[in-house]
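Heads up, the thing below is written out as structure tokens.
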Amino acid sequence: MRTEDGRPSLDGLVAAMPFAGAIGLELTQAEPREVRGALAWRQSLCTVGGALHGGAIMAFADSLGGICAYLNLGPGETTTTIESKTNFFRGVREGRVQGVSEPLHVGRSTVVVQTDLFDDTGRRVARVTQTQARVAAPTS
């Protein structure tokens with residue numbers, strides 16, 4: 001799905017990554033300089049004690065970061081995560097996690113993205129820094 005100006009729609013960006021849809025990623029803004037989204041707490045994404053599983057939080061951040069990197073690519077390119085570093089600061093046992101991704105570096109072969117995650121009260125849940133490779137898109 002594309003917008004009138006030819007850019008991918010929010011729904012189209014999520015649909016391009018089926019796993020992001022499966023975890024419940026809600027994309028609210030997608031621009032090359034900033035991508036925003038949310039992930040709602042739900043029991044199926046939790047670990048012991050009812051906290052969102054670290055893997056769910058990392059998958060959410062990786063999805064937002066991947067979209068941010070993708071929006072900074074040239075024609076005929078795609079991207080894949082080659083490195084990711086996560087610092088966790090607190091658990092999430094209810095509500096929604098809000099995420100903001102911003103490119104730190106857009107180079108010829110990689111894009112480095114920082115994603116900050118916050119709970120409903122604005123407290124930082126995690127910070128994720130990832131490196132995305134710039135790859136020629138498959139031709140079929």
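If you're wondering about the labels, chains in the structure tokens are A, B, ... by order shown, residues count from 1 in each chain, ligands from 1 in order shown.
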Query - Residue set, chain A restricted to alpha helix (DSSP H), as an MDAnalysis selection string - result: chainID A and resid 10:15 18:23 54:71
Query raised in the report: Any idea what's packed within 7 Å of Ile82 of chain A, counting only C-alpha atoms, ignoring anything in its chain fewer than 6 positions away? Could you give it as a VMD selection string?
Result: chain A and resid 131 to 133
Query - Filtered DSSP result for chain A, state strand (DSSP E or B), as number ranges by chain - result: A: 2, 8, 26-31, 34-40, 46, 52, 77-88, 96-106, 110-118, 124-136
Query raised in the report: Quick one: residues within 10 Å of Val125 of chain A, only C-alpha atoms counted, chain neighbours fewer than 5 positions away excluded, as a list of chain:residue names?
Result: A:Ile57, A:Asn87, A:Phe88, A:Phe89, A:Arg90, A:Gly91, A:Val92, A:Val97, A:Gln98, A:Gly99, A:Asp116, A:Leu117, A:Phe118, A:Asp119
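Candidate residues A:Leu71, A:Gly37, A:Gln130, A:Ala61 were compared for distance to Pro8 of chain A, and the nearest is A:Leu71, using only C-alpha atoms.
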Query raised in the report: Near Glu77 of chain A, within 7 Å and counting only C-alpha atoms, which residues show up once chain neighbours fewer than 4 positions away are dropped, as a list in words?
Result: Leu73, Arg134, Val135, Ala136 and Ala137 of chain A
Set the distance at 10 Å and use only C-alpha atoms: which residues neighbour Val113 of chain A once local chain neighbours fewer than 2 positions away are removed? I'd like the list as a PDB file with N, CA and C atoms, in the first residue's frame.
ATOM      1  N   GLU A  34      12.320   9.980  11.639  1.00  0.00           N
ATOM      2  CA  GLU A  34      11.693   9.509  12.881  1.00  0.00           C
ATOM      3  C   GLU A  34      10.562   8.538  12.577  1.00  0.00           C
ATOM      4  N   ALA A  61      11.369  -3.142  18.919  1.00  0.00           N
ATOM      5  CA  ALA A  61      12.398  -2.148  18.606  1.00  0.00           C
ATOM      6  C   ALA A  61      13.057  -2.445  17.263  1.00  0.00           C
ATOM      7  N   ASP A  62      13.345  -3.704  16.991  1.00  0.00           N
ATOM      8  CA  ASP A  62      13.979  -4.087  15.732  1.00  0.00           C
ATOM      9  C   ASP A  62      13.069  -3.756  14.556  1.00  0.00           C
ATOM     10  N   LEU A  64      10.698  -1.329  14.445  1.00  0.00           N
ATOM     11  CA  LEU A  64      10.710   0.127  14.250  1.00  0.00           C
ATOM     12  C   LEU A  64      12.026   0.573  13.619  1.00  0.00           C
ATOM     13  N   GLY A  65      13.140   0.043  14.120  1.00  0.00           N
ATOM     14  CA  GLY A  65      14.445   0.398  13.577  1.00  0.00           C
ATOM     15  C   GLY A  65      14.616  -0.033  12.133  1.00  0.00           C
ATOM     16  N   GLY A  66      14.089  -1.199  11.799  1.00  0.00           N
ATOM     17  CA  GLY A  66      14.154  -1.680  10.420  1.00  0.00           C
ATOM     18  C   GLY A  66      13.373  -0.779   9.475  1.00  0.00           C
ATOM     19  N   ILE A  67      12.213  -0.319   9.928  1.00  0.00           N
ATOM     20  CA  ILE A  67      11.418   0.609   9.117  1.00  0.00           C
ATOM     21  C   ILE A  67      12.168   1.918   8.941  1.00  0.00           C
ATOM     22  N   CYS A  68      12.777   2.409  10.011  1.00  0.00           N
ATOM     23  CA  CYS A  68      13.551   3.652   9.938  1.00  0.00           C
ATOM     24  C   CYS A  68      14.694   3.501   8.936  1.00  0.00           C
ATOM     25  N   ALA A  69      15.423   2.400   9.022  1.00  0.00           N
ATOM     26  CA  ALA A  69      16.520   2.168   8.079  1.00  0.00           C
ATOM     27  C   ALA A  69      15.992   2.094   6.653  1.00  0.00           C
ATOM     28  N   SER A  84      22.597  -5.717  16.995  1.00  0.00           N
ATOM     29  CA  SER A  84      21.622  -5.034  17.844  1.00  0.00           C
ATOM     30  C   SER A  84      22.085  -5.106  19.291  1.00  0.00           C
ATOM     31  N   SER A 101      12.211   5.682  16.870  1.00  0.00           N
ATOM     32  CA  SER A 101      13.466   5.330  16.199  1.00  0.00           C
ATOM     33  C   SER A 101      13.970   6.510  15.393  1.00  0.00           C
ATOM     34  N   GLU A 102      15.295   6.732  15.493  1.00  0.00           N
ATOM     35  CA  GLU A 102      15.936   7.810  14.739  1.00  0.00           C
ATOM     36  C   GLU A 102      17.255   7.308  14.171  1.00  0.00           C
ATOM     37  N   PRO A 103      17.573   7.686  12.940  1.00  0.00           N
ATOM     38  CA  PRO A 103      18.867   7.277  12.398  1.00  0.00           C
ATOM     39  C   PRO A 103      19.996   8.067  13.052  1.00  0.00           C
ATOM     40  N   LEU A 104      21.038   7.370  13.463  1.00  0.00           N
ATOM     41  CA  LEU A 104      22.236   8.014  13.990  1.00  0.00           C
ATOM     42  C   LEU A 104      23.265   8.210  12.887  1.00  0.00           C
ATOM     43  N   HIS A 105      23.244   7.305  11.912  1.00  0.00           N
ATOM     44  CA  HIS A 105      24.214   7.345  10.811  1.00  0.00           C
ATOM     45  C   HIS A 105      23.586   6.686   9.595  1.00  0.00           C
ATOM     46  N   VAL A 106      23.600   7.373   8.468  1.00  0.00           N
ATOM     47  CA  VAL A 106      23.151   6.802   7.198  1.00  0.00           C
ATOM     48  C   VAL A 106      24.367   6.805   6.275  1.00  0.00           C
ATOM     49  N   THR A 110      25.816   0.857   5.587  1.00  0.00           N
ATOM     50  CA  THR A 110      25.021   0.581   6.785  1.00  0.00           C
ATOM     51  C   THR A 110      24.205   1.805   7.191  1.00  0.00           C
ATOM     52  N   VAL A 111      23.168   1.518   7.968  1.00  0.00           N
ATOM     53  CA  VAL A 111      22.376   2.554   8.634  1.00  0.00           C
ATOM     54  C   VAL A 111      22.340   2.166  10.108  1.00  0.00           C
ATOM     55  N   THR A 115      16.656   3.317  18.954  1.00  0.00           N
ATOM     56  CA  THR A 115      15.236   3.235  19.296  1.00  0.00           C
ATOM     57  C   THR A 115      15.095   3.335  20.803  1.00  0.00           C
ATOM     58  N   VAL A 128      17.665   0.703  22.364  1.00  0.00           N
ATOM     59  CA  VAL A 128      18.214  -0.267  21.425  1.00  0.00           C
ATOM     60  C   VAL A 128      18.976   0.488  20.339  1.00  0.00           C
ATOM     61  N   THR A 129      20.203   0.071  20.113  1.00  0.00           N
ATOM     62  CA  THR A 129      20.989   0.613  19.004  1.00  0.00           C
ATOM     63  C   THR A 129      21.276  -0.543  18.063  1.00  0.00           C
ATOM     64  N   GLN A 130      20.940  -0.358  16.801  1.00  0.00           N
ATOM     65  CA  GLN A 130      21.141  -1.443  15.855  1.00  0.00           C
ATOM     66  C   GLN A 130      21.793  -0.934  14.576  1.00  0.00           C
ATOM     67  N   THR A 131      22.509  -1.843  13.946  1.00  0.00           N
ATOM     68  CA  THR A 131      23.113  -1.563  12.659  1.00  0.00           C
ATOM     69  C   THR A 131      22.378  -2.384  11.615  1.00  0.00           C
ATOM     70  N   GLN A 132      21.968  -1.706  10.561  1.00  0.00           N
ATOM     71  CA  GLN A 132      21.261  -2.330   9.457  1.00  0.00           C
ATOM     72  C   GLN A 132      22.153  -2.278   8.218  1.00  0.00           C
TER      73      GLN A 132
END
